[in-house]
Amino acid sequence: MLKKLMLIAIVCAYAMTAGAQDMDPAKYLPPNTVLFVHFKDVTAMEKAWKTTGFYELWQDPKTKQFLKPSIERIEAMLKEMTGADEATKKDELNWAKLRELFPGGLCVFLSDLTEFDSKGGAGAVIDLGIIARKAKDRKDYENLFSQIQDIPATAEKKAITAGGVKIFQTRFANETADAMLPDGDLSKLAPEDMERAKFITLQSAETDGLILMVDGGQDSMKNLILRGQGKIKETLAQNPRFKNVADKNSDAAQLEVFVNLGQIAQIALEGGKAAMAQVPAGQTPPVNLDALAVDDIHALGIALTLDPKQVNVQTALTFADNSKGIGKVMDLFGDNCEFQTAAFASPDVMGYSAQAYDLGKFYKAIETVLGAVYPQGVFLLQGTLMQAQGIVGFNPITEVVDQLAGEIGTMQDAPPAQAAAPDPTMGGFAPPPSAPFLLALGCKDGARIRAAITKLEKFLLQQQTTPNGPPPQPLLEWTTFLDYEIGQPKIQAGAMGGQQMPAWAITDSWVFVASSADTLKATLRRVGGKDTRNFKATPAFKRLAAMKTGPVSGVNYSNIAQAMDAILAQAQMLLPMMSMMSGGEIPPNLLDFSAKPDSALLKRTLGESYGVTVKEKNSLFSSTIIERP
């Protein structure tokens with residue numbers, strides 16, 4: 001099974017470092033297809049990939065040396081999992097072989113997942129297959145089976161016919177059948193799945209200039225052929241979930257991915273119910289898993305487009321119109337957003353994202369789902385809140401969460417260029433410079449939130465009061481800047497290894513939380529109109545705001561070169577520490593830091609990145625673009 005699933009990962013990985021245009025593999029596939037990966041034209045995609053900044057970066061000698069330790073470990077792991085050695089190296093599945101076999105369109109799919117039997121606990125049974133433009137002799141394609149299966153010499157080989165098409169079949173005993181069920185009891189399988197559990201059936205066929213390959217049941221190939229001929233009407237192409245995400249993604253996409261999340265979630269749900277059914281009565285709380293309504297979430301679609309100027313990744317997540325459980329929570333994500341917080345960000349901000357959110361509604365939706373799934377959980381939650389109110393004097397939900405309704409914006413600036421001095425509190429390591437951040441949250445009534453913080457501080461001070469002892473020192477310190485009150489935890493210098501403490505300010509309409517008082521002061525200068533230079537006035541923001549009509553709920557902009565420098569500096573420091581903590585499970589030389597990728601090359605080849613998320617009635621659509629200068 002592991003080798004079969006590895007085929008998908010290998011095909012996807014190689015094709016990304018490289019799907020014909022009139023081939024529609026979706027019309028051959030069953031409507032219950034769980035995973036669909038379609039490279040529309042492998043040759044054209046390889047040419048497009050070689051024009052991108054990512055390819056230029058990948059070919060850079062410094063990058064290759066930097067990644068060499070990781071790549072060698074991954075290759076060793078793959079060989080260990082697939083059983084490859086020097087004797088079989090010439091038969092390994094590599095990009096050259098894949099390009100030779102699949103120069104045109106290529107589709108890899110998983111389908112026919114058998115749902116769990118709530119009484120018997122039957123496991124999942126799958127079809128794994130490939131549909132591609134035929135470019136070589138049939139036997140060249142059948143050799144692929146030997147890459148993913150250990151085919152014994154005693155395997156039964158024969159030819160059968162379906163829809164006038166000859167099917168070449170290889171069949172042999174499944175020695176790992178016991179692994180298909182939690183307790184290894186094959187008698188719990190339905191009769192039609194018993195055959196598949198006991199035998200591995202590999203089939204290939206040629207039709208319409210295509211090569212079809214399936215590792216699945218005895219009728220899997222027959223049904224593929226009959227669907228392609230229109231004799232079986234139910235196909236993936238007609239599945240509303242597939243059509244929904246496909247319609248939202250670009251027709252020009254060179255790679256398409258479809259994942260039937262609803263079906264996967266339903267199988268997992270049935271598995272959970274089957275597991276609960278095995279627990280003796282009275283030993284588990286009354287939980288209604290059906291109230292989760294996991295089928296509210298339908299499918300995920302991904303489309304990738306490459307050209308010399310940009311890489312565009314589009315995603316579409318769809319869910320039910322009338323959501324009841326999880327979908328009710330998802331439906332609150334990403335309301336209309338006016339991007340007011342863009343005016344609070346500096347013009348050279350490294351990262352920015354924003355969306356409209358009502359945390360009070362979000363909390364109530366979670367509470368509703370929790371009450372439907374586990375009624376006792378709501379009483380426990382409400383009891384906890386009543387305890388909190390009795391202790392600190394206010395209800396955190398009422399005084400804080402319900403007041404946070406509006407735009408939420410997050411901003412990240414580039415870290416300082418200067419290196420930090422070694423810090424004795426961190427074992428002598430020089431901590432990498434941290435990137436300043438700002439969080440801006442729209443609120444209904446900032447005065448109520450300020451009052452809640454005052455009450456909380458008063459309560460904590462009372463806890464520190466001792467009879468006849470000195471009065472406790474304030475936990476917070478407040479400073480005034482441009483008529484705004486800035487609050488910070490009152491901690492002695494050096495107590496946190498020299499790190500700056502976060503700071504906050506609360507106006508009537510906004511709650512600001514920043515990485516330091518200096519970062520917050522720079523923001524408050526823009527809030528107070530003392531500094532008119534902001535991200536909202538930049539060409540980058542104007543481009544991304546105009547990318548998509550309709551309610552835009554999230555955007556981002558990144559200076560990748562600066563971000564990469566900061567990330568690599570942190571990784572260089574953390575890897576040795578993680579290696580020690582993991583007892584050597586994580587190698588300290590996972591990357592070769594002596595050959596760090598060139599920042600100038602990163603910036604020249606990757607340029608800017610930005611994206612939008614559009615909230616529609618029953619879907620979230622996002623588009624992320626990385627431009628090349």
# chains A, B, ... in the order shown; residues from 1 in each chain; ligands from 1
>>> residues_around(residues="Pro629 in chain A", least_positions_apart="4", cutoff="8 Å", atoms="only C-alpha atoms", output="PDB file with N, CA, C and O atoms, in the first residue's frame")
ATOM      1  N   LYS A 309       6.587  35.551 -16.080  1.00  0.00           N
ATOM      2  CA  LYS A 309       6.454  36.711 -15.207  1.00  0.00           C
ATOM      3  C   LYS A 309       5.874  36.397 -13.839  1.00  0.00           C
ATOM      4  O   LYS A 309       6.043  37.165 -12.905  1.00  0.00           O
ATOM      5  N   ARG A 604      15.676  38.926  -6.940  1.00  0.00           N
ATOM      6  CA  ARG A 604      15.622  39.124  -8.386  1.00  0.00           C
ATOM      7  C   ARG A 604      14.724  38.098  -9.075  1.00  0.00           C
ATOM      8  O   ARG A 604      14.083  38.386 -10.082  1.00  0.00           O
ATOM      9  N   THR A 605      14.680  36.890  -8.551  1.00  0.00           N
ATOM     10  CA  THR A 605      13.936  35.831  -9.228  1.00  0.00           C
ATOM     11  C   THR A 605      12.498  35.686  -8.734  1.00  0.00           C
ATOM     12  O   THR A 605      11.625  35.276  -9.485  1.00  0.00           O
ATOM     13  N   LEU A 606      12.255  36.005  -7.471  1.00  0.00           N
ATOM     14  CA  LEU A 606      10.921  35.792  -6.914  1.00  0.00           C
ATOM     15  C   LEU A 606      10.083  37.060  -6.859  1.00  0.00           C
ATOM     16  O   LEU A 606       8.863  37.003  -6.925  1.00  0.00           O
ATOM     17  N   GLY A 607      10.729  38.194  -6.677  1.00  0.00           N
ATOM     18  CA  GLY A 607       9.977  39.445  -6.664  1.00  0.00           C
ATOM     19  C   GLY A 607       8.941  39.508  -5.560  1.00  0.00           C
ATOM     20  O   GLY A 607       9.133  38.996  -4.465  1.00  0.00           O
ATOM     21  N   GLU A 608       7.821  40.150  -5.852  1.00  0.00           N
ATOM     22  CA  GLU A 608       6.770  40.331  -4.869  1.00  0.00           C
ATOM     23  C   GLU A 608       5.789  39.160  -4.894  1.00  0.00           C
ATOM     24  O   GLU A 608       5.671  38.439  -5.866  1.00  0.00           O
TER      25      GLU A 608
END
>>> select_by_dssp(residues="range 412-598 of chain A", states="strand (DSSP E or B)", output="PyMOL selection string")
chain A and resi 412+437-442+476-481+484-489+503-506+510-514+552-559
>>> residues_around(residues="Gly529 in chain A", least_positions_apart="6", cutoff="12 Å", atoms="only C-alpha atoms", output="number ranges by chain")
A: 343-344, 482, 522-523
>>> write_last_selection(atoms="all heavy atoms", output="mmCIF file, in the first residue's frame")
data_model
loop_
_atom_site.group_PDB
_atom_site.id
_atom_site.type_symbol
_atom_site.label_atom_id
_atom_site.label_comp_id
_atom_site.auth_asym_id
_atom_site.auth_seq_id
_atom_site.Cartn_x
_atom_site.Cartn_y
_atom_site.Cartn_z
ATOM 1 N N ALA A 343 -3.995 51.333 6.278
ATOM 2 C CA ALA A 343 -3.520 52.682 6.588
ATOM 3 C C ALA A 343 -2.647 52.703 7.842
ATOM 4 O O ALA A 343 -1.958 53.696 8.092
ATOM 5 C CB ALA A 343 -4.704 53.624 6.770
ATOM 6 N N PHE A 344 -2.657 51.630 8.625
ATOM 7 C CA PHE A 344 -1.845 51.573 9.842
ATOM 8 C C PHE A 344 -0.484 50.940 9.583
ATOM 9 O O PHE A 344 0.390 50.985 10.441
ATOM 10 C CB PHE A 344 -2.560 50.780 10.941
ATOM 11 C CG PHE A 344 -3.932 51.293 11.267
ATOM 12 C CD1 PHE A 344 -4.952 50.431 11.618
ATOM 13 C CD2 PHE A 344 -4.217 52.648 11.223
ATOM 14 C CE1 PHE A 344 -6.219 50.890 11.925
ATOM 15 C CE2 PHE A 344 -5.487 53.132 11.517
ATOM 16 C CZ PHE A 344 -6.484 52.250 11.871
ATOM 17 N N LEU A 482 0.889 60.910 21.947
ATOM 18 C CA LEU A 482 -0.101 61.511 21.041
ATOM 19 C C LEU A 482 -1.515 61.302 21.576
ATOM 20 O O LEU A 482 -2.437 60.946 20.816
ATOM 21 C CB LEU A 482 0.019 60.919 19.630
ATOM 22 C CG LEU A 482 1.335 61.164 18.881
ATOM 23 C CD1 LEU A 482 1.300 60.484 17.515
ATOM 24 C CD2 LEU A 482 1.586 62.660 18.713
ATOM 25 N N ALA A 522 5.134 54.053 16.109
ATOM 26 C CA ALA A 522 5.150 54.322 14.668
ATOM 27 C C ALA A 522 3.754 54.152 14.075
ATOM 28 O O ALA A 522 3.351 54.901 13.177
ATOM 29 C CB ALA A 522 6.144 53.388 13.980
ATOM 30 N N THR A 523 3.015 53.177 14.591
ATOM 31 C CA THR A 523 1.643 52.967 14.119
ATOM 32 C C THR A 523 0.737 54.114 14.556
ATOM 33 O O THR A 523 -0.067 54.624 13.775
ATOM 34 C CB THR A 523 1.099 51.640 14.671
ATOM 35 O OG1 THR A 523 1.924 50.572 14.220
ATOM 36 C CG2 THR A 523 -0.328 51.418 14.216
#
>>> select_by_dssp(residues="range 227-328 of chain A", states="alpha helix (DSSP H)", output="PyMOL selection string")
chain A and resi 227-228+240-248+261-277+326-328
>>> residues_around(residues="range 369-386 of chain A", least_positions_apart="6", cutoff="10 Å", atoms="only C-alpha atoms", output="ChimeraX atom specification")
/A:285-293,324-329,393-398
>>> residues_around(residues="Thr532 in chain A", least_positions_apart="3", cutoff="10 Å", atoms="only C-alpha atoms", output="ChimeraX atom specification")
/A:343-344,346-347,525-529,535-537
>>> closest_residue(among="A:Thr305, A:Ser434, A:Thr507, A:Ser599", to="Met45 in chain A", atoms="only C-alpha atoms")
A:Thr305
>>> closest_residue(among="A:Phe199, A:Asp358, A:Tyr28, A:His38", to="Lys231 in chain A", atoms="only C-alpha atoms")
A:Tyr28
>>> closest_residue(among="A:Val612, A:Gly271, A:Ala26, A:Ile506", to="Thr315 in chain A", atoms="only C-alpha atoms")
A:Val612
>>> residues_around(residues="Ser558 in chain A", least_positions_apart="6", cutoff="7 Å", atoms="only C-alpha atoms", output="list in words")
Met350, Gly351, Glu608 and Ser609 of chain A
>>> residues_around(residues="Met501 in chain A", least_positions_apart="3", cutoff="8 Å", atoms="only C-alpha atoms", output="VMD selection string")
chain A and resid 488 to 489 515 to 517
>>> write_last_selection(atoms="C-alpha atoms", output="short mmCIF file (atom, residue, chain, number, x, y, z; two decimals), in the first residue's frame")
data_model
loop_
_atom_site.label_atom_id
_atom_site.label_comp_id
_atom_site.auth_asym_id
_atom_site.auth_seq_id
_atom_site.Cartn_x
_atom_site.Cartn_y
_atom_site.Cartn_z
CA GLN A 488 3.14 47.13 28.63
CA PRO A 489 3.91 44.41 31.17
CA SER A 515 5.91 43.69 19.28
CA SER A 516 7.29 46.73 21.11
CA ALA A 517 6.39 50.22 22.22
#
>>> atom_distance(atom1="CA of Gly53 in chain A", atom2="CA of Arg628 in chain A")
6.5 Å
>>> closest_residue(among="A:Glu142, A:Asp402, A:Glu270, A:Asp247", to="Tyr363 in chain A", atoms="only C-alpha atoms")
A:Asp402
>>> closest_residue(among="A:Leu520, A:Ile626, A:Ile391, A:Ala435", to="Ile567 in chain A", atoms="only C-alpha atoms")
A:Ala435
>>> closest_residue(among="A:Val245, A:Lys64, A:Val37, A:Asn589", to="Pro576 in chain A", atoms="only C-alpha atoms")
A:Asn589
>>> atom_distance(atom1="CA of Thr51 in chain A", atom2="CA of Pro103 in chain A")
18.3 Å
>>> decode(residues="range 189-211 of chain A", atoms="C-alpha atoms", output="compact mmCIF listing (two decimals), in the first residue's frame")
# COMPACT_ATOMS: atom_id res chain seq x y z
CA LEU A 189 -15.76 -6.92 4.63
CA ALA A 190 -18.66 -6.83 2.21
CA PRO A 191 -18.56 -9.64 -0.38
CA GLU A 192 -17.57 -7.30 -3.23
CA ASP A 193 -14.61 -6.04 -1.19
CA MET A 194 -13.54 -9.48 0.04
CA GLU A 195 -12.11 -10.27 -3.40
CA ARG A 196 -10.10 -7.06 -3.42
CA ALA A 197 -8.83 -7.69 0.09
CA LYS A 198 -7.55 -11.15 -0.81
CA PHE A 199 -6.08 -10.30 -4.22
CA ILE A 200 -4.17 -7.46 -5.89
CA THR A 201 -5.50 -6.79 -9.38
CA LEU A 202 -3.41 -4.67 -11.78
CA GLN A 203 -5.01 -3.73 -15.09
CA SER A 204 -4.06 -1.71 -18.17
CA ALA A 205 -5.87 -0.87 -21.39
CA GLU A 206 -5.63 1.37 -24.45
CA THR A 207 -8.56 3.41 -25.73
CA ASP A 208 -9.05 6.71 -27.55
CA GLY A 209 -5.27 7.18 -27.76
CA LEU A 210 -5.01 6.93 -23.99
CA ILE A 211 -3.32 4.48 -21.69
